[in-house]
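S.K.: The structure file protein-v9.txt (compact mmCIF, C-alpha atoms and all ligand atoms) is provided below.
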# COMPACT_ATOMS: atom_id res chain seq x y z
CA MET N 961 -21.69 -4.53 -23.25
CA LYS N 962 -19.47 -4.68 -20.20
CA GLN N 963 -16.29 -2.64 -19.98
CA THR N 964 -13.10 -3.23 -18.06
CA VAL N 965 -12.36 -0.92 -15.17
CA ARG N 966 -8.93 -0.85 -13.61
CA VAL N 967 -8.75 1.16 -10.41
CA THR N 968 -6.57 1.32 -7.36
CA VAL N 969 -8.68 1.39 -4.23
CA ASN N 970 -6.95 1.95 -0.90
CA GLY N 971 -3.66 0.93 -2.50
CA ARG N 972 -4.95 -2.31 -4.05
CA LEU N 973 -5.44 -2.73 -7.79
CA TYR N 974 -8.80 -4.04 -8.98
CA GLU N 975 -9.69 -5.01 -12.52
CA GLU N 976 -13.37 -5.73 -13.07
CA GLU N 977 -15.87 -6.03 -15.90
CA VAL N 978 -18.77 -3.64 -15.31
CA GLU N 979 -21.85 -2.33 -17.01
CA PRO N 980 -21.12 1.17 -18.36
CA ARG N 981 -24.00 2.57 -16.31
CA GLN N 982 -22.78 1.18 -12.99
CA LEU N 983 -22.25 3.97 -10.47
CA LEU N 984 -18.95 4.13 -8.65
CA SER N 985 -20.81 3.82 -5.34
CA TYR N 986 -22.25 0.45 -6.39
CA PHE N 987 -18.93 -0.63 -7.84
CA LEU N 988 -17.29 -0.02 -4.47
CA ARG N 989 -20.00 -1.70 -2.42
CA GLU N 990 -21.19 -4.53 -4.63
CA THR N 991 -18.46 -5.30 -7.13
CA ILE N 992 -15.46 -5.12 -4.83
CA GLY N 993 -17.27 -5.45 -1.49
CA LEU N 994 -16.22 -2.25 0.26
CA THR N 995 -19.46 -1.47 2.04
CA GLY N 996 -18.06 1.33 4.18
CA THR N 997 -19.14 3.78 1.50
CA HIS N 998 -22.83 4.38 2.14
CA ILE N 999 -25.55 5.18 -0.34
CA GLY N 1000 -28.34 7.54 0.63
CA CYS N 1001 -30.01 9.75 -1.93
CA ILE N 1002 -28.17 8.72 -5.14
CA ILE N 1003 -28.64 12.25 -6.47
CA GLY N 1004 -25.61 13.99 -5.02
CA GLU N 1005 -27.41 15.63 -2.10
CA CYS N 1006 -26.52 13.75 1.09
CA GLY N 1007 -22.78 13.04 0.82
CA ALA N 1008 -23.04 9.57 2.39
CA CYS N 1009 -21.23 8.13 -0.63
CA THR N 1010 -18.28 10.54 -0.51
CA VAL N 1011 -14.87 9.13 -1.42
CA GLN N 1012 -11.60 10.62 -2.69
CA VAL N 1013 -10.64 10.09 -6.33
CA ASN N 1014 -7.07 11.12 -7.15
CA GLY N 1015 -7.18 13.14 -3.94
CA THR N 1016 -10.34 15.03 -4.86
CA LEU N 1017 -13.58 14.68 -2.95
CA VAL N 1018 -16.20 12.94 -5.11
CA LYS N 1019 -19.76 11.86 -4.46
CA SER N 1020 -19.51 8.36 -5.81
CA CYS N 1021 -23.19 8.28 -6.79
CA LEU N 1022 -22.42 11.00 -9.32
CA MET N 1023 -19.61 9.14 -11.07
CA PHE N 1024 -19.77 6.04 -13.22
CA ALA N 1025 -17.30 3.32 -12.36
CA VAL N 1026 -15.89 3.52 -15.89
CA GLN N 1027 -15.06 7.20 -15.30
CA ALA N 1028 -12.79 6.10 -12.46
CA ASN N 1029 -10.74 3.90 -14.78
CA GLY N 1030 -7.00 4.40 -14.14
CA LYS N 1031 -7.60 6.48 -11.03
CA GLU N 1032 -6.71 6.08 -7.37
CA ILE N 1033 -9.59 5.94 -4.93
CA THR N 1034 -9.56 6.21 -1.18
CA THR N 1035 -12.59 5.04 0.79
CA ILE N 1036 -13.26 5.01 4.51
CA GLU N 1037 -11.67 1.54 4.67
CA GLY N 1038 -8.39 3.07 3.49
CA LEU N 1039 -7.91 5.55 6.33
CA ALA N 1040 -6.91 3.43 9.32
CA GLU N 1041 -3.46 1.92 9.41
CA GLY N 1042 -3.86 -1.58 10.76
CA ASP N 1043 -5.35 -1.23 14.23
CA THR N 1044 -4.53 2.46 14.40
CA LEU N 1045 -7.46 4.64 13.51
CA HIS N 1046 -7.04 7.75 11.39
CA PRO N 1047 -6.97 10.93 13.56
CA VAL N 1048 -10.36 12.01 12.22
CA GLN N 1049 -11.89 8.63 13.05
CA GLU N 1050 -10.43 8.83 16.55
CA ALA N 1051 -11.76 12.37 16.98
CA PHE N 1052 -15.26 11.35 15.85
CA ILE N 1053 -15.28 8.68 18.56
CA ASN N 1054 -13.91 11.04 21.23
CA ASN N 1055 -16.49 13.72 20.43
CA TYR N 1056 -19.53 11.49 19.81
CA GLY N 1057 -19.54 12.74 16.21
CA PHE N 1058 -22.07 10.13 15.13
CA GLN N 1059 -25.28 8.52 16.21
CA CYS N 1060 -26.75 6.21 13.58
CA GLY N 1061 -23.47 6.41 11.64
CA TYR N 1062 -25.03 6.56 8.22
CA CYS N 1063 -23.41 9.86 7.26
CA THR N 1064 -20.16 9.11 9.07
CA PRO N 1065 -17.99 7.58 6.34
CA GLY N 1066 -18.75 10.48 4.00
CA MET N 1067 -18.27 13.03 6.77
CA ILE N 1068 -14.89 11.58 7.67
CA MET N 1069 -13.73 11.50 4.05
CA ALA N 1070 -14.78 15.13 3.66
CA ALA N 1071 -13.13 16.12 6.95
CA ASP N 1072 -9.90 14.36 5.95
CA SER N 1073 -9.91 16.19 2.64
CA LEU N 1074 -10.53 19.53 4.35
CA LEU N 1075 -7.74 19.02 6.89
CA LYS N 1076 -5.27 18.05 4.19
CA LYS N 1077 -5.91 21.38 2.46
CA ASN N 1078 -6.40 23.45 5.59
CA PRO N 1079 -4.86 21.84 8.69
CA TYR N 1080 -6.32 24.42 11.11
CA PRO N 1081 -9.73 25.46 9.80
CA SER N 1082 -11.98 27.89 11.62
CA GLU N 1083 -15.43 26.71 12.67
CA GLU N 1084 -16.89 28.49 9.64
CA GLU N 1085 -14.40 26.77 7.34
CA ILE N 1086 -15.24 23.40 8.89
CA ARG N 1087 -18.94 23.96 8.31
CA GLU N 1088 -18.24 25.07 4.73
CA GLY N 1089 -15.96 22.08 4.17
CA LEU N 1090 -18.69 19.70 5.30
CA ALA N 1091 -21.54 21.54 3.58
CA GLY N 1092 -21.95 18.75 1.04
CA ASN N 1093 -22.57 16.17 3.78
CA LEU N 1094 -25.88 15.94 5.57
CA CYS N 1095 -26.50 14.43 9.00
CA MET N 1096 -29.99 13.67 10.23
CA CYS N 1097 -28.95 12.89 13.80
CA THR N 1098 -26.27 14.95 15.44
CA GLY N 1099 -27.07 18.60 14.79
CA TYR N 1100 -23.45 18.90 13.55
CA VAL N 1101 -22.06 20.33 16.81
CA GLN N 1102 -20.14 17.19 17.77
CA ILE N 1103 -19.02 16.70 14.19
CA VAL N 1104 -17.50 20.19 14.12
CA ALA N 1105 -15.89 19.50 17.52
CA ALA N 1106 -14.39 16.29 16.13
CA VAL N 1107 -12.87 18.06 13.15
CA LYS N 1108 -11.43 20.73 15.45
CA GLU N 1109 -9.84 18.03 17.59
CA ALA N 1110 -8.28 16.40 14.53
CA ALA N 1111 -6.89 19.73 13.29
CA GLY N 1112 -3.19 19.57 12.57
CA GLN N 1113 -3.06 15.79 12.78
CA VAL N 1114 -3.82 14.85 9.18
CA ASP N 1115 -0.90 14.05 6.95
CA ASP N 1116 -1.36 15.60 3.50
CA GLY N 1117 1.10 13.17 1.91
S1 LIG E 1201 -25.80 8.88 -2.09
FE1 LIG E 1201 -24.41 10.14 -3.10
S2 LIG E 1201 -24.80 12.12 -2.39
FE2 LIG E 1201 -26.35 10.91 -1.46
S1 LIG E 1202 -25.18 10.15 12.52
FE1 LIG E 1202 -27.09 9.59 11.66
S2 LIG E 1202 -27.12 10.69 9.80
FE2 LIG E 1202 -25.38 11.44 10.78
Here is a file; write its structure as structure tokens.
M.R.:
Amino acid sequence: MKQTVRVTVNGRLYEEEVEPRQLLSYFLRETIGLTGTHIGCIIGECGACTVQVNGTLVKSCLMFAVQANGKEITTIEGLAEGDTLHPVQEAFINNYGFQCGYCTPGMIMAADSLLKKNPYPSEEEIREGLAGNLCMCTGYVQIVAAVKEAAGQVDDG
């Protein structure tokens, strides 16, 4: 039997009927059409599906949509303000922090979360902060450089 889920995603309220077993990642992509959140492994290993739920980093393949009921979710689509990219997005472009781009939305959500908690992380702290996000392409060097460039520019409000 379907259940009602009421969530705020990127500031907009959604109310949808979903199967209780629907993963949050599929809810975001297929039910409300926000395909910026990627799905890779579906077992919590790759981090491609990373979003923020009530300000906490969550792998959306490890959460049912019904568990997000009443919560506030931020996805990659919620970071830019109009035509102005989020500082982490800008820094990823400046530093070639992506190649195929599959990991990028999750990486950026994780980097944003890290910089809100620790505006000036060391390289070790950046690598620790992104340890839940895997990249098959870049070797991580440009990703770390991007996060360093964005240091101090992320608003924690
Ligand atoms: S798809 Fe969620 S961690 Fe890989
Ligand atoms: S840019 Fe291809 S997986 Fe990271």
S.K.: Could you give me the residues within 8 Å of ligand LIG 1202 (chain E), counting only C-alpha atoms and all ligand atoms, as an MDAnalysis selection string?
M.R.: chainID N and resid 1057:1064 1094:1098
S.K.: Once you count all atoms listed in the file, which residues end up within 12 Å of ligand LIG 1201 (chain E), and could you hand them over as a PyMOL selection string?
M.R.: chain N and resi 983-986+997-1011+1017-1024+1062-1063+1065-1067+1091-1095
S.K.: Could you please determine the separation between atom CA of Tyr1056 of chain N and atom CA of Ala1106 of chain N in Å, to one decimal place?
M.R.: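 Distance between the two atoms: 7.9 Å.
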S.K.: Using all atoms listed in the file, which of N:Ala1110, N:Leu994, N:Ala1105, N:Val969 sits nearest Lys1031 of chain N?
M.R.: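 Under the stated criterion, the closest residue is N:Val969.
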S.K.: One decimal, Å: what's the distance from atom CA of Pro1079 of chain N over to atom CA of Val1114 of chain N, could you say?
M.R.: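 For atom CA of Pro1079 of chain N relative to atom CA of Val1114 of chain N, the distance reads 7.1 Å.
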S.K.: Using only C-alpha atoms, determine which residues lie at most 10 Å from Thr995 of chain N, disregarding the query and same-chain residues fewer than 5 positions distant; provide the list as a list of chain:residue names.
M.R.: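 The residues satisfying every condition are N:Ser985, N:Tyr986, N:Phe987, N:Leu988, N:Arg989, N:Glu990, N:Thr1035, N:Ile1036, N:Glu1037.
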S.K.: Kindly give the distance, in Å, that separates atom CA of Gly1089 of chain N and atom CA of Ala1111 of chain N, rounded to a single decimal.
M.R.: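 These atoms are spaced 13.1 Å apart.
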S.K.: Given the point (-5.6, 2.5, -4.9) in the coordinates of this file, which residues lie within 9 Å, counting all atoms listed in the file, and how would they look as number ranges by chain?
M.R.: N: 967-974, 1031-1034, 1038
S.K.: Compare N:Ile992, N:Val978, N:Leu1039, N:Leu1045 by their minimum atom-to-atom distance to Met1069 of chain N, counting only C-alpha atoms, and give me the closest one.
M.R.: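 Checking each candidate against Met1069 of chain N, we get N:Leu1039 as the closest.
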S.K.: As number ranges by chain, please: the residues near Asn1078 of chain N (cut-off 9 Å, only C-alpha atoms, same-chain neighbours under 5 positions excluded).
M.R.: N: 1073, 1085, 1111-1112
S.K.: Nearest residue to Lys1076 of chain N out of N:Pro1047, N:Gly1030, N:Gly996, N:Pro980, using all atoms listed in the file?
M.R.: N:Pro1047
S.K.: Just need the box for segment 1077-1093 of chain N, edges along x, y and z, holding every atom the file lists for it with 3 Å tacked onto each side, so centre and edge lengths in Å to one decimal, as AutoDock Vina command-line options.
M.R.:
--center_x -13.7 --center_y 22.3 --center_z 6.9 --size_x 23.7 --size_y 18.3 --size_z 17.6
S.K.: N:Thr1044, N:Ile1103, N:Glu1084, N:Asp1115: which is nearest Ile1068 of chain N, counting all atoms listed in the file?
M.R.: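 Smallest separation from Ile1068 of chain N among the options: N:Ile1103.
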